[in-house]
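Peer 1: This structure is in structure tokens; I'll ask about it shortly.
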Amino acid sequence: MIVGDRAPRPVVLPSGETPSAELAGMTIKADVEAIVNIAKESRNTREVGGGQLWGRITGLPSGTKAVTWSADQFRKAGIADVKVQPIAMEPNARFWFPLSWEVRLVADPAFGPGTADVVLDSAIPLGPSDIPGGTMTAPLVYVGSANPSILQHVDVKGKIAVQLTIPQGHMVLERGPVGSRADDLVARGAAGVFNLVRLPGNERSRDFSDCGNPCFNIGGRDGHFLETVMDRAAIAGVADKLRVRLTLKTETRTNLKAENAVAVVPGKSDEVIILDAHVDAWFDGAGDNADGLAVLVALARHFAKPENRPERTLVFVASAGHHSPGMNGPRNFIAANPDLAKRAVMMVNIEHVAQRNFSPARTTAADGYRLALADSGEAPIYAGITNRAPFLDGLVQQGVARYGTNFVSEKSNMSSGETGGFSTLKGAALLTIMQAPPLYHTTGEVTDVISTPGLERMARFLAFFVKESGKAPRAQIVP
Ligand SMILES: [Zn+2]
């Protein structure tokens with residue numbers, strides 16, 4: 001992955017727009033760094049096992065820190081009504097954690113002189129993998145895309161099946177195929193599954209689950225290496241000597257505690273617009289969702305100023321999010337605030353909003369794996385509007401013209417991620433502002449891949465959007 005010296009294209013303010021310092025890109029970027037630092041602390045203090053997995057994890061101290069930080073920002077913005085509301089994990093929910101692990105290719109004299117073990121550092125186990133006794137050694141078999149037309153020729157019994165997935169975008173859209181093919185592999189007797197995830201770089205990716213027990217994701221370059229090794233072994237006639245030793249220690253936790261931070265900026269009307277960003281993250285989570293949370297905080301600062309007093313009441317939710325089982329932020333927000341929920345005419349979910357765009361580069365790494373390169377813009381952004389209100393779509397369109405936000409060209413009613421927990425708000429328009437970049441849920445989502453002008457474009461667009469929809473009659477938002 002390459003982030004070159006050339007900066008993203010700058011923000012050009014529409015004429016007549018007040019430059020409001022709280023919406024400046026540098027200010028928001030500093031908050032992204034503060035939020036990412038909470039995750040880095042989770043890594044340094046080995047919050048989860050040996051520290052191979054970290055994040056802002058709802059149910060653990062890092063999640064609480066992210067919510068507390070958000071509540072502090074709301075208070076510092078001058079908002080009087082700020083609450084930290086407790087969440088108890090649902091009694092039957094279970095949270096699987098991988099504490100430590102290793103995927104080791106085992107050397108064999110058949111591979112020639114100098115043969116040595118190789119550890120695949122990008123490997124990560126997926127829930128709820130478990131290895132009784134903590135270790136297993138098994139032969140490997142390559143199954144490519146694992147279609148039935150391939151598998152009819154391959155004996156996977158007792159072997160780790162190595163399947164290849166090439167996400168076009170991010171891993172979300174591959175969850176279905178990866179899972180069902182893993183089921184098929186297990187039904188055919190596979191002892192476990194590796195998913196070679198052909199994404200930029202060599203990142204650990206915390207995505208997919210229930211994909212064969214045990215099941216591991218392997219990063220791009222390690223996957224490329226493993227394919228090359230398996231090909232060479234096949235050509236040399238020693239493929240049967242290829243074995244892998246897996247070690248894995250896990251833990252399942254219950255009855256954890258979490259929080260939402262909720263800040264209310266009273267408007268001239270009783271009707272409510274909810275603005276939500278989830279605080280939880282895997283790894284550094286700069287794009288999922290430090291950028292969204294930092295933009296939410298910037299908007300809170302903006303609308304807390306007396307001169308920007310909103311028409312409708314604004315409710316800012318720094319949400320426990322949706323990664324941790326049984327502790328859903330939006331559902332708990334609605335349960336704890338029935339009155340605000342009842343008055344809501346709209347909910348805006350700010351989720352993954354300013355990550356830079358990456359495309360395949362003309363160059364490859366030394367091992368032949370293609371590099372990915374950032375350009376001058378942000379990754380494509382969906383603006384899903386559940387009720388497809390033309391007025392709201394019109395505002396999104398103006399966002400492209402006024403601020404250069406990279407909204408995709410097709411109107412959409414998608415709702416995903418955090419918005420799922422708001423689906424019971426029947427009378428409200430639900431908006432999902434969301435990118436689908438390739439580094440999503442991977443260790444590659446670091447501060448460097450966030451566009452500073454992109455943060456400002458999004459914050460200014462949303463300030464405009466909230467102001468304009470605040471003035472609009474209810475019938476235009478919920479036709
Ligand atoms: Zn997210």
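Residue names in the structure tokens use chain letters A, B, ... in the order shown, residue numbers from 1 in each chain, and ligand numbers from 1 in the order shown.
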Can you pull out the residues contacting Ala187 (chain A)? Cut-off 10 Å, using only C-alpha atoms, and skip same-chain residues under 6 positions away; I want them as a list in words.
Peer 2: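 Non-adjacent residues within range: Val156, Lys157, Arg181 and Gly212 of chain A.
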Peer 1: Can you list every residue of chain A that has an atom at most 9 Å from ligand 1, with its nearest atom pair and the distance in Å to one decimal, using only C-alpha atoms and all ligand atoms, ordered by chain then number, as JSON lines?
Peer 2:
```
{"residue": "A:Ala277", "atom": "CA", "partner": "ligand 1", "partner_atom_place_in_ligand_line": "1 (Zn)", "distance": 8.5}
{"residue": "A:His278", "atom": "CA", "partner": "ligand 1", "partner_atom_place_in_ligand_line": "1 (Zn)", "distance": 6.7}
{"residue": "A:Val279", "atom": "CA", "partner": "ligand 1", "partner_atom_place_in_ligand_line": "1 (Zn)", "distance": 8.6}
{"residue": "A:Asp280", "atom": "CA", "partner": "ligand 1", "partner_atom_place_in_ligand_line": "1 (Zn)", "distance": 7.8}
{"residue": "A:Ala281", "atom": "CA", "partner": "ligand 1", "partner_atom_place_in_ligand_line": "1 (Zn)", "distance": 7.3}
{"residue": "A:Gly285", "atom": "CA", "partner": "ligand 1", "partner_atom_place_in_ligand_line": "1 (Zn)", "distance": 8.7}
{"residue": "A:Gly287", "atom": "CA", "partner": "ligand 1", "partner_atom_place_in_ligand_line": "1 (Zn)", "distance": 8.1}
{"residue": "A:Asp288", "atom": "CA", "partner": "ligand 1", "partner_atom_place_in_ligand_line": "1 (Zn)", "distance": 4.7}
{"residue": "A:Asn289", "atom": "CA", "partner": "ligand 1", "partner_atom_place_in_ligand_line": "1 (Zn)", "distance": 5.5}
{"residue": "A:Gly292", "atom": "CA", "partner": "ligand 1", "partner_atom_place_in_ligand_line": "1 (Zn)", "distance": 8.7}
{"residue": "A:Gly321", "atom": "CA", "partner": "ligand 1", "partner_atom_place_in_ligand_line": "1 (Zn)", "distance": 7.9}
{"residue": "A:His322", "atom": "CA", "partner": "ligand 1", "partner_atom_place_in_ligand_line": "1 (Zn)", "distance": 8.0}
{"residue": "A:His323", "atom": "CA", "partner": "ligand 1", "partner_atom_place_in_ligand_line": "1 (Zn)", "distance": 8.3}
{"residue": "A:Ile350", "atom": "CA", "partner": "ligand 1", "partner_atom_place_in_ligand_line": "1 (Zn)", "distance": 8.9}
{"residue": "A:Glu351", "atom": "CA", "partner": "ligand 1", "partner_atom_place_in_ligand_line": "1 (Zn)", "distance": 5.4}
{"residue": "A:His352", "atom": "CA", "partner": "ligand 1", "partner_atom_place_in_ligand_line": "1 (Zn)", "distance": 6.2}
{"residue": "A:Ser416", "atom": "CA", "partner": "ligand 1", "partner_atom_place_in_ligand_line": "1 (Zn)", "distance": 8.9}
{"residue": "A:Gly417", "atom": "CA", "partner": "ligand 1", "partner_atom_place_in_ligand_line": "1 (Zn)", "distance": 5.9}
{"residue": "A:Glu418", "atom": "CA", "partner": "ligand 1", "partner_atom_place_in_ligand_line": "1 (Zn)", "distance": 6.7}
{"residue": "A:Met434", "atom": "CA", "partner": "ligand 1", "partner_atom_place_in_ligand_line": "1 (Zn)", "distance": 8.2}
{"residue": "A:Tyr440", "atom": "CA", "partner": "ligand 1", "partner_atom_place_in_ligand_line": "1 (Zn)", "distance": 8.3}
{"residue": "A:His441", "atom": "CA", "partner": "ligand 1", "partner_atom_place_in_ligand_line": "1 (Zn)", "distance": 8.4}
```
Peer 1: Generate the output file for the selected residues, all heavy atoms, as a compact mmCIF listing (two decimals), in the first residue's frame.
Peer 2:
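The result, stored in selection-v2.txt:
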```
# COMPACT_ATOMS: atom_id res chain seq x y z
N ALA A 277 -22.65 8.01 15.25
CA ALA A 277 -21.40 7.40 14.74
C ALA A 277 -20.97 6.34 15.74
O ALA A 277 -21.00 6.58 16.96
CB ALA A 277 -20.31 8.45 14.57
N HIS A 278 -20.59 5.18 15.24
CA HIS A 278 -20.18 4.13 16.18
C HIS A 278 -18.72 4.32 16.57
O HIS A 278 -17.88 4.68 15.75
CB HIS A 278 -20.46 2.73 15.63
CG HIS A 278 -19.58 2.23 14.53
ND1 HIS A 278 -18.36 1.62 14.77
CD2 HIS A 278 -19.72 2.22 13.19
CE1 HIS A 278 -17.81 1.25 13.61
NE2 HIS A 278 -18.61 1.61 12.64
N VAL A 279 -18.44 4.07 17.85
CA VAL A 279 -17.07 4.27 18.36
C VAL A 279 -16.24 3.00 18.25
O VAL A 279 -15.01 3.07 18.33
CB VAL A 279 -17.06 4.74 19.84
CG1 VAL A 279 -17.98 5.92 20.06
CG2 VAL A 279 -17.40 3.60 20.80
N ASP A 280 -16.88 1.85 18.08
CA ASP A 280 -16.10 0.61 18.17
C ASP A 280 -15.33 0.34 16.89
O ASP A 280 -15.69 0.83 15.81
CB ASP A 280 -16.98 -0.59 18.58
CG ASP A 280 -18.13 -0.87 17.63
OD1 ASP A 280 -18.53 0.03 16.87
OD2 ASP A 280 -18.64 -2.01 17.64
N ALA A 281 -14.25 -0.40 17.03
CA ALA A 281 -13.35 -0.63 15.89
C ALA A 281 -12.50 -1.86 16.12
O ALA A 281 -12.19 -2.20 17.27
CB ALA A 281 -12.43 0.56 15.70
N GLY A 285 -8.66 1.23 13.27
CA GLY A 285 -10.00 1.71 12.91
C GLY A 285 -10.06 3.19 12.57
O GLY A 285 -11.00 3.89 12.95
N GLY A 287 -10.56 4.47 9.68
CA GLY A 287 -11.66 4.71 8.75
C GLY A 287 -12.97 4.10 9.24
O GLY A 287 -14.04 4.54 8.84
N ASP A 288 -12.90 3.11 10.08
CA ASP A 288 -14.08 2.44 10.62
C ASP A 288 -13.95 2.40 12.12
O ASP A 288 -13.47 1.45 12.68
CB ASP A 288 -14.20 1.02 10.05
CG ASP A 288 -15.37 0.26 10.63
OD1 ASP A 288 -16.25 0.88 11.26
OD2 ASP A 288 -15.41 -0.98 10.48
N ASN A 289 -14.26 3.44 12.80
CA ASN A 289 -15.00 4.58 12.33
C ASN A 289 -14.50 5.85 13.01
O ASN A 289 -15.28 6.71 13.40
CB ASN A 289 -16.50 4.34 12.59
CG ASN A 289 -17.39 5.41 12.02
OD1 ASN A 289 -17.07 6.00 11.00
ND2 ASN A 289 -18.48 5.69 12.69
N GLY A 292 -15.67 8.89 11.04
CA GLY A 292 -17.09 9.21 11.24
C GLY A 292 -17.34 9.82 12.62
O GLY A 292 -18.09 10.80 12.75
N GLY A 321 -21.95 0.87 19.12
CA GLY A 321 -21.74 0.24 17.83
C GLY A 321 -22.37 -1.12 17.68
O GLY A 321 -23.36 -1.44 18.34
N HIS A 322 -21.77 -1.93 16.81
CA HIS A 322 -22.43 -3.18 16.43
C HIS A 322 -21.47 -4.35 16.23
O HIS A 322 -21.83 -5.36 15.66
CB HIS A 322 -23.25 -2.94 15.15
CG HIS A 322 -22.44 -2.30 14.07
ND1 HIS A 322 -22.28 -0.94 13.95
CD2 HIS A 322 -21.71 -2.84 13.08
CE1 HIS A 322 -21.50 -0.66 12.93
NE2 HIS A 322 -21.13 -1.80 12.38
N HIS A 323 -20.22 -4.21 16.68
CA HIS A 323 -19.28 -5.33 16.53
C HIS A 323 -19.42 -6.35 17.66
O HIS A 323 -19.14 -7.52 17.46
CB HIS A 323 -17.83 -4.82 16.55
CG HIS A 323 -17.46 -3.97 15.38
ND1 HIS A 323 -16.33 -3.19 15.36
CD2 HIS A 323 -18.05 -3.77 14.19
CE1 HIS A 323 -16.24 -2.55 14.21
NE2 HIS A 323 -17.29 -2.88 13.47
N ILE A 350 -23.21 8.17 10.40
CA ILE A 350 -21.96 8.65 9.80
C ILE A 350 -20.92 7.55 10.00
O ILE A 350 -20.39 7.39 11.10
CB ILE A 350 -21.52 9.97 10.48
CG1 ILE A 350 -22.70 10.96 10.51
CG2 ILE A 350 -20.32 10.57 9.77
CD1 ILE A 350 -22.46 12.17 11.41
N GLU A 351 -20.67 6.78 8.96
CA GLU A 351 -19.89 5.54 9.13
C GLU A 351 -18.94 5.33 7.95
O GLU A 351 -19.38 5.00 6.85
CB GLU A 351 -20.86 4.36 9.27
CG GLU A 351 -20.17 3.07 9.59
CD GLU A 351 -21.11 1.95 10.03
OE1 GLU A 351 -22.33 2.17 10.05
OE2 GLU A 351 -20.61 0.87 10.36
N HIS A 352 -17.65 5.46 8.18
CA HIS A 352 -16.59 5.31 7.16
C HIS A 352 -16.78 6.39 6.10
O HIS A 352 -17.39 6.14 5.07
CB HIS A 352 -16.60 3.94 6.45
CG HIS A 352 -17.10 2.79 7.26
ND1 HIS A 352 -17.63 1.66 6.70
CD2 HIS A 352 -17.14 2.58 8.60
CE1 HIS A 352 -17.98 0.82 7.65
NE2 HIS A 352 -17.69 1.36 8.81
N SER A 416 -26.99 -0.23 6.28
CA SER A 416 -26.01 -1.25 6.62
C SER A 416 -25.33 -0.87 7.92
O SER A 416 -25.51 0.25 8.42
CB SER A 416 -25.02 -1.36 5.46
OG SER A 416 -24.07 -2.36 5.69
N GLY A 417 -24.53 -1.78 8.45
CA GLY A 417 -23.74 -1.51 9.65
C GLY A 417 -24.61 -1.01 10.79
O GLY A 417 -25.60 -1.62 11.19
N GLU A 418 -24.25 0.15 11.27
CA GLU A 418 -24.90 0.76 12.43
C GLU A 418 -26.40 1.02 12.21
O GLU A 418 -27.19 0.98 13.14
CB GLU A 418 -24.15 2.06 12.70
CG GLU A 418 -24.55 2.83 13.90
CD GLU A 418 -24.03 2.26 15.21
OE1 GLU A 418 -23.42 1.17 15.22
OE2 GLU A 418 -24.26 2.91 16.22
N MET A 434 -21.72 6.02 3.91
CA MET A 434 -20.77 4.93 4.14
C MET A 434 -19.88 4.64 2.93
O MET A 434 -20.36 4.52 1.81
CB MET A 434 -21.57 3.66 4.48
CG MET A 434 -20.73 2.46 4.86
SD MET A 434 -21.76 1.02 5.20
CE MET A 434 -22.09 1.24 6.94
N TYR A 440 -11.05 -1.83 4.90
CA TYR A 440 -12.07 -2.00 5.93
C TYR A 440 -11.82 -3.26 6.77
O TYR A 440 -11.57 -4.33 6.22
CB TYR A 440 -13.42 -2.08 5.21
CG TYR A 440 -14.59 -2.60 5.99
CD1 TYR A 440 -15.33 -1.75 6.80
CD2 TYR A 440 -14.97 -3.92 5.89
CE1 TYR A 440 -16.42 -2.22 7.51
CE2 TYR A 440 -16.06 -4.41 6.59
CZ TYR A 440 -16.78 -3.56 7.40
OH TYR A 440 -17.85 -4.03 8.09
N HIS A 441 -11.87 -3.11 8.09
CA HIS A 441 -11.68 -4.22 9.05
C HIS A 441 -10.30 -4.84 8.97
O HIS A 441 -10.11 -6.00 9.36
CB HIS A 441 -12.74 -5.33 8.86
CG HIS A 441 -14.04 -5.02 9.55
ND1 HIS A 441 -15.05 -5.93 9.69
CD2 HIS A 441 -14.47 -3.88 10.15
CE1 HIS A 441 -16.07 -5.37 10.33
NE2 HIS A 441 -15.73 -4.12 10.62
```
Peer 1: May I have the residues within 8 Å of Leu105 (chain A) as a VMD selection string, using only C-alpha atoms and disregarding those fewer than 2 positions away in the same chain?
Peer 2: chain A and resid 103 107 117 to 120 242 to 245
Peer 1: How many Å lie between CA of Ala71 (chain A) and CA of Ile433 (chain A), rounded to one decimal?
Peer 2: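 According to the coordinates, CA of Ala71 (chain A) and CA of Ile433 (chain A) are separated by 22.3 Å.
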Peer 1: Using backbone DSSP assignments, extract all alpha helix (DSSP H) residues from region 99-342 of chain A; output them as number ranges by chain.
Peer 2: A: 148-151, 175-187, 220-236, 291-304, 329-336, 338-342
Peer 1: Contacts of Ser415 (chain A) at 8 Å or less, counting only C-alpha atoms, minus same-chain residues fewer than 2 places along, as a ChimeraX atom specification?
Peer 2: /A:384-386,413,417,419-420,430-432
Peer 1: For each of A:Arg402, A:Arg56, A:Arg343, A:Lys29, take the minimum atom-to-atom distance to Asp270 (chain A), counting only C-alpha atoms, then give the residue where this is smallest.
Peer 2: A:Arg343
Peer 1: Which is closer to Lys241 (chain A) than all the others in A:Ser129, A:Thr137, A:Gln73, A:Ser409, using only C-alpha atoms?
Peer 2: A:Thr137
Peer 1: With a distance cut-off of 7 Å and only C-alpha atoms, select the neighbouring residues of region 295-304 of chain A, excluding the residue or stretch itself and same-chain residues fewer than 6 positions from it, and output the selection as a list of chain:residue names.
Peer 2: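 Near neighbours after the sequence-gap exclusion: A:Glu22, A:Leu23, A:Ile28, A:Gln73, A:Phe74, A:Ala77, A:Gly78, A:Ile79, A:Val265, A:Ala277, A:Pro310, A:Phe316, A:Leu455, A:Ala459, A:Ala463.
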Peer 1: Which one is closest to Ala336 (chain A): A:Asp5, A:Glu445, A:Asp108, A:Glu259? Count only C-alpha atoms.
Peer 2: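 Closest candidate: A:Glu259.
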Peer 1: If you run DSSP on the backbone, which residues of region 183-247 of chain A are strand (DSSP E), as an MDAnalysis selection string?
Peer 2: chainID A and resid 192:197 215:218 243:247
Peer 1: Please indicate the distance in Å from CA of Val178 (chain A) to CA of Leu164 (chain A), rounded to one decimal place.
Peer 2: 8.9 Å
Peer 1: Might you pull out every residue within 8 Å of region 204-210 of chain A, with only C-alpha atoms counted and same-chain residues fewer than 3 positions away left off, and present them as a list in words?
Peer 2: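 Listed by chain and then number, they are Ser122, Ala123, Ile124, Leu126, Gly127, Pro128, Ser129, Met171, Val172, Arg175, Val178, Gly179, Asn213, Cys215, Asn217, Ile218, Gly219, Trp282, His441, Thr442, Thr443 and Gly444 of chain A.
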Peer 1: Give me the residues near Ile274 (chain A) as a list in words, where near means some atom within 6 Å (using only C-alpha atoms) and where sequence neighbours in that chain fewer than 3 positions away do not count.
Peer 2: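 Here the qualifying residues turn out to be Leu314, Val315 and Met347 of chain A.
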Peer 1: What is the CA of Gly470 (chain A)-CA of Ala320 (chain A) distance in Å, reported with one decimal?
Peer 2: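 Interatomic distance here is 26.3 Å.
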Peer 1: With distances taken over only C-alpha atoms, which of A:Leu151, A:Ala34, A:Leu53, A:Ala341 is nearest to Glu203 (chain A)?
Peer 2: A:Leu53
Peer 1: Pick out the closest residue to Ala428 (chain A) from this set: A:Glu456, A:Val400, A:Val345, A:Val408. Count only C-alpha atoms.
Peer 2: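 For Ala428 (chain A), the nearest of the given residues is A:Val345.
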Peer 1: Calculated over only C-alpha atoms, which of the candidates A:Asp284, A:Glu271, A:Asp393, A:Asp367 has the smallest distance to His224 (chain A)?
Peer 2: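 Smallest separation from His224 (chain A) among the options: A:Asp367.
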